[in-house]
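In what follows, a structure is listed as structure tokens, so that the remarks can point back to it.
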Amino acid sequence: MVVNQDLGSLRRTHYSADLGPDNDGVRTTVMGWILTVRIHGNITFATIRDRDGDISVVAKKGACPDTVRSILSSLKAHSSVAVSGTVKASTKAPAGFEIIPDELRVFSDVEAVPPFEPVARTVKNIDTRLEMRPIDLRRSVLLHTFRIRSRILQAIRAYFTTEGFTEINTPKIISSATEGGAALFSIFYYDKQAFLAQSPQLYKEQLTMSLEKVFEIAPIFRAESSRTPRHLSEAISIDLEEAFVDYNDVMNRIEGIVGASVDAARLYVENHLDAEIAVPEMPDCIPRHTYEELVGRLQKTDSKMEWGDDLYPSDLKRLKLDGFYFITDWPLGPKPFYVKETKGGDYGRSISESFDLMYGDLEISSGSTRITRRADLESNMRRKGMNVDSFGYHLRAFDYGMPPHAGCGIGLERLLMALTGLANIRDATFYPRDVDRLVP
Ligand code: AMO
């Protein structure tokens, strides 16, 4: 077999999505990876997959050079190739056209038998796939999933830009915990101990003092000890923070962000029916349930349920809540030190101006109105056993006109799970990091 790794001056003229039966007779050069090769007597049928989809190549004796047909016949799945030839409309080909090749270039041949086929819709063992992640991502279900992810990100950035937000980047190497000490990764920073940021919380709050409306799309690091299909050690968080608003305004923003994401995902799927992904519909407005209301409903059937208990996925399943909804006004106790207490809470119970956005029993986002008084922050920190001095760099900002402000963090991978029906969060990220996985 002739393997010519040089691209030289050869360039692709079309992606698979650019071609169709209407291009009958057009000369083309396509590039991609061999998906399948089948030989029927004097005819070799090959399928090439590129970024957008599949292209049929039909090499028939007499209709194309013999060397092209014999090399094509010998290729294994995954080889990377370029094929030049003529488009022929064909009702037999899945995309309504095929290419009659006259030139074939094999950039790289396949040395080993892959552990799964690129055409497989499901491969049982996720670890087998993750070990070969770059190859796994050639499977069309994941190709579509990650292209939807990219569209969602574009739509969210467009939303923020239109609404007057400024994109920020905050340090990921930090000196102290923001979301509670347990889930921190500790690292060496020259001669000091430092940590990987659990969230941009304190920095995004500080930046509302000048820019007012900020957002960041960046990694957050959580030393999660549990192995679940919804937790990663490194996830992407879409964080927003806004001055002169409260948590109700942030929930309205989330409706805009989720709405834009749903629209982007639905548009993609409408244009790629082969994706076989069902995107949920966006309700006119996302229902809001208080924590109090849901606990009350649970208490009717569960005598052990007490005010203050967390709401676990099993509880939410019992309540038969599905689609997107908010749970608002959570008990203050377990909330991080920066979350504002609701004035005049009922029954003498401390509640907070906070919410979680849920999709079924999956938490997608949490947010709150923040505390603006330094003294309140300090007393909360002491109550939680935190070292107030180590937050001096943050607290000092509160002496200089901290505005009322509120914000939230939305887990990108969890949002993608909700919008594409993924069962495992590891498939919502390119190279997942979890308790057991540090490579690839
Ligand atoms: P929280 O800790 O609830 O809030 O995180 C916000 C959202 O981030 C996502 N998320 C995760 N996704 C995957 N794996 C994880 N281990 C993981 N941890 C969190 C979830 C979650 O809802 N600073 C606050 C946000 C704010 O108030 O602005 C915070 O970090 O989707």
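Chain labels A, B, ... are given in the sequence in which chains occur in the structure tokens; within each chain residues are numbered consecutively from 1, and ligands are likewise numbered from 1 in the order shown.
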Got a sec to tell me which of segment 1-230 of chain A DSSP assigns to strand (DSSP E), as a PyMOL selection string? chain A and resi 27-40+43-49+54-60+80-89+97-108+166-167+173-174+186-189+192-196+213-221
Set out as CSV a contact list for segment 189-241 of chain A and segment 335-338 of chain A with a cut-off of 10 Å, giving each residue of segment 189-241 of chain A that qualifies its closest atom pair and distance in Å to one decimal, counting only C-alpha atoms, ordered by chain and rising residue number.
residue,atom,partner,partner_atom,distance
A:Gln201,CA,A:Tyr338,CA,9.0
A:Leu202,CA,A:Tyr338,CA,8.8
A:Glu205,CA,A:Tyr338,CA,9.8
Of the listed residues A:Asn387, A:Asn271, A:Ser379, A:Ser225, that which approaches ligand 1 most closely, counting only C-alpha atoms and all ligand atoms: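 Closest to ligand 1, using only C-alpha atoms and all ligand atoms: A:Ser225.
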Would you list the residues that come within 6 Å of ligand 1? Count only C-alpha atoms and all ligand atoms and give the answer as a list in words. Ser199, Gln201, Arg222, Glu224, His231, Leu232, Ser233, Ala235, Ser237, Glu363, Ile364, Ser365, Ser366, Gly367, Ser368, Gly407, Cys408, Gly409, Ile410, Gly411 and Arg414 of chain A
What lies within 7 Å of Leu419 of chain A using only C-alpha atoms, ignoring chain neighbours under 2 positions off, as a list of chain:residue names?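 Once the adjacent positions are removed, what remains is A:Val262, A:Val279, A:Pro280, A:Leu415, A:Leu416, A:Met417, A:Gly421.
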Output file for the residues above (N, CA, C and O atoms, as a compact mmCIF listing (two decimals), in the first residue's frame):
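What follows is the written file out_12.txt:
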# COMPACT_ATOMS: atom_id res chain seq x y z
N VAL A 262 -31.38 26.09 24.74
CA VAL A 262 -32.35 25.15 24.17
C VAL A 262 -32.56 25.48 22.69
O VAL A 262 -32.55 24.59 21.83
N VAL A 279 -34.03 17.12 22.15
CA VAL A 279 -33.78 18.27 23.04
C VAL A 279 -35.11 18.64 23.70
O VAL A 279 -36.12 18.75 23.02
N PRO A 280 -35.12 18.83 25.04
CA PRO A 280 -36.40 19.15 25.69
C PRO A 280 -36.91 20.52 25.27
O PRO A 280 -36.13 21.36 24.82
N LEU A 415 -25.70 20.99 32.11
CA LEU A 415 -26.66 21.59 31.17
C LEU A 415 -26.70 20.76 29.88
O LEU A 415 -27.77 20.46 29.34
N LEU A 416 -25.51 20.35 29.42
CA LEU A 416 -25.45 19.54 28.20
C LEU A 416 -26.13 18.19 28.41
O LEU A 416 -26.81 17.67 27.51
N MET A 417 -25.97 17.61 29.61
CA MET A 417 -26.66 16.34 29.90
C MET A 417 -28.17 16.54 29.76
O MET A 417 -28.87 15.73 29.15
N GLY A 421 -29.75 14.50 26.82
CA GLY A 421 -30.16 13.20 27.37
C GLY A 421 -28.99 12.30 27.74
O GLY A 421 -29.17 11.09 27.91
For the atom pair atom CA of Ala46 of chain A and atom CA of Gly32 of chain A, what is the interatomic distance in Å to one decimal place? 11.8 Å
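Nearest to Asp284 of chain A of all the residues A:Gly385, A:Gly392, A:Gly259, A:Gly25 is A:Gly259, counting only C-alpha atoms.
Distance-wise, atom CA of Leu357 of chain A and atom CA of His144 of chain A end up 25.2 Å apart.
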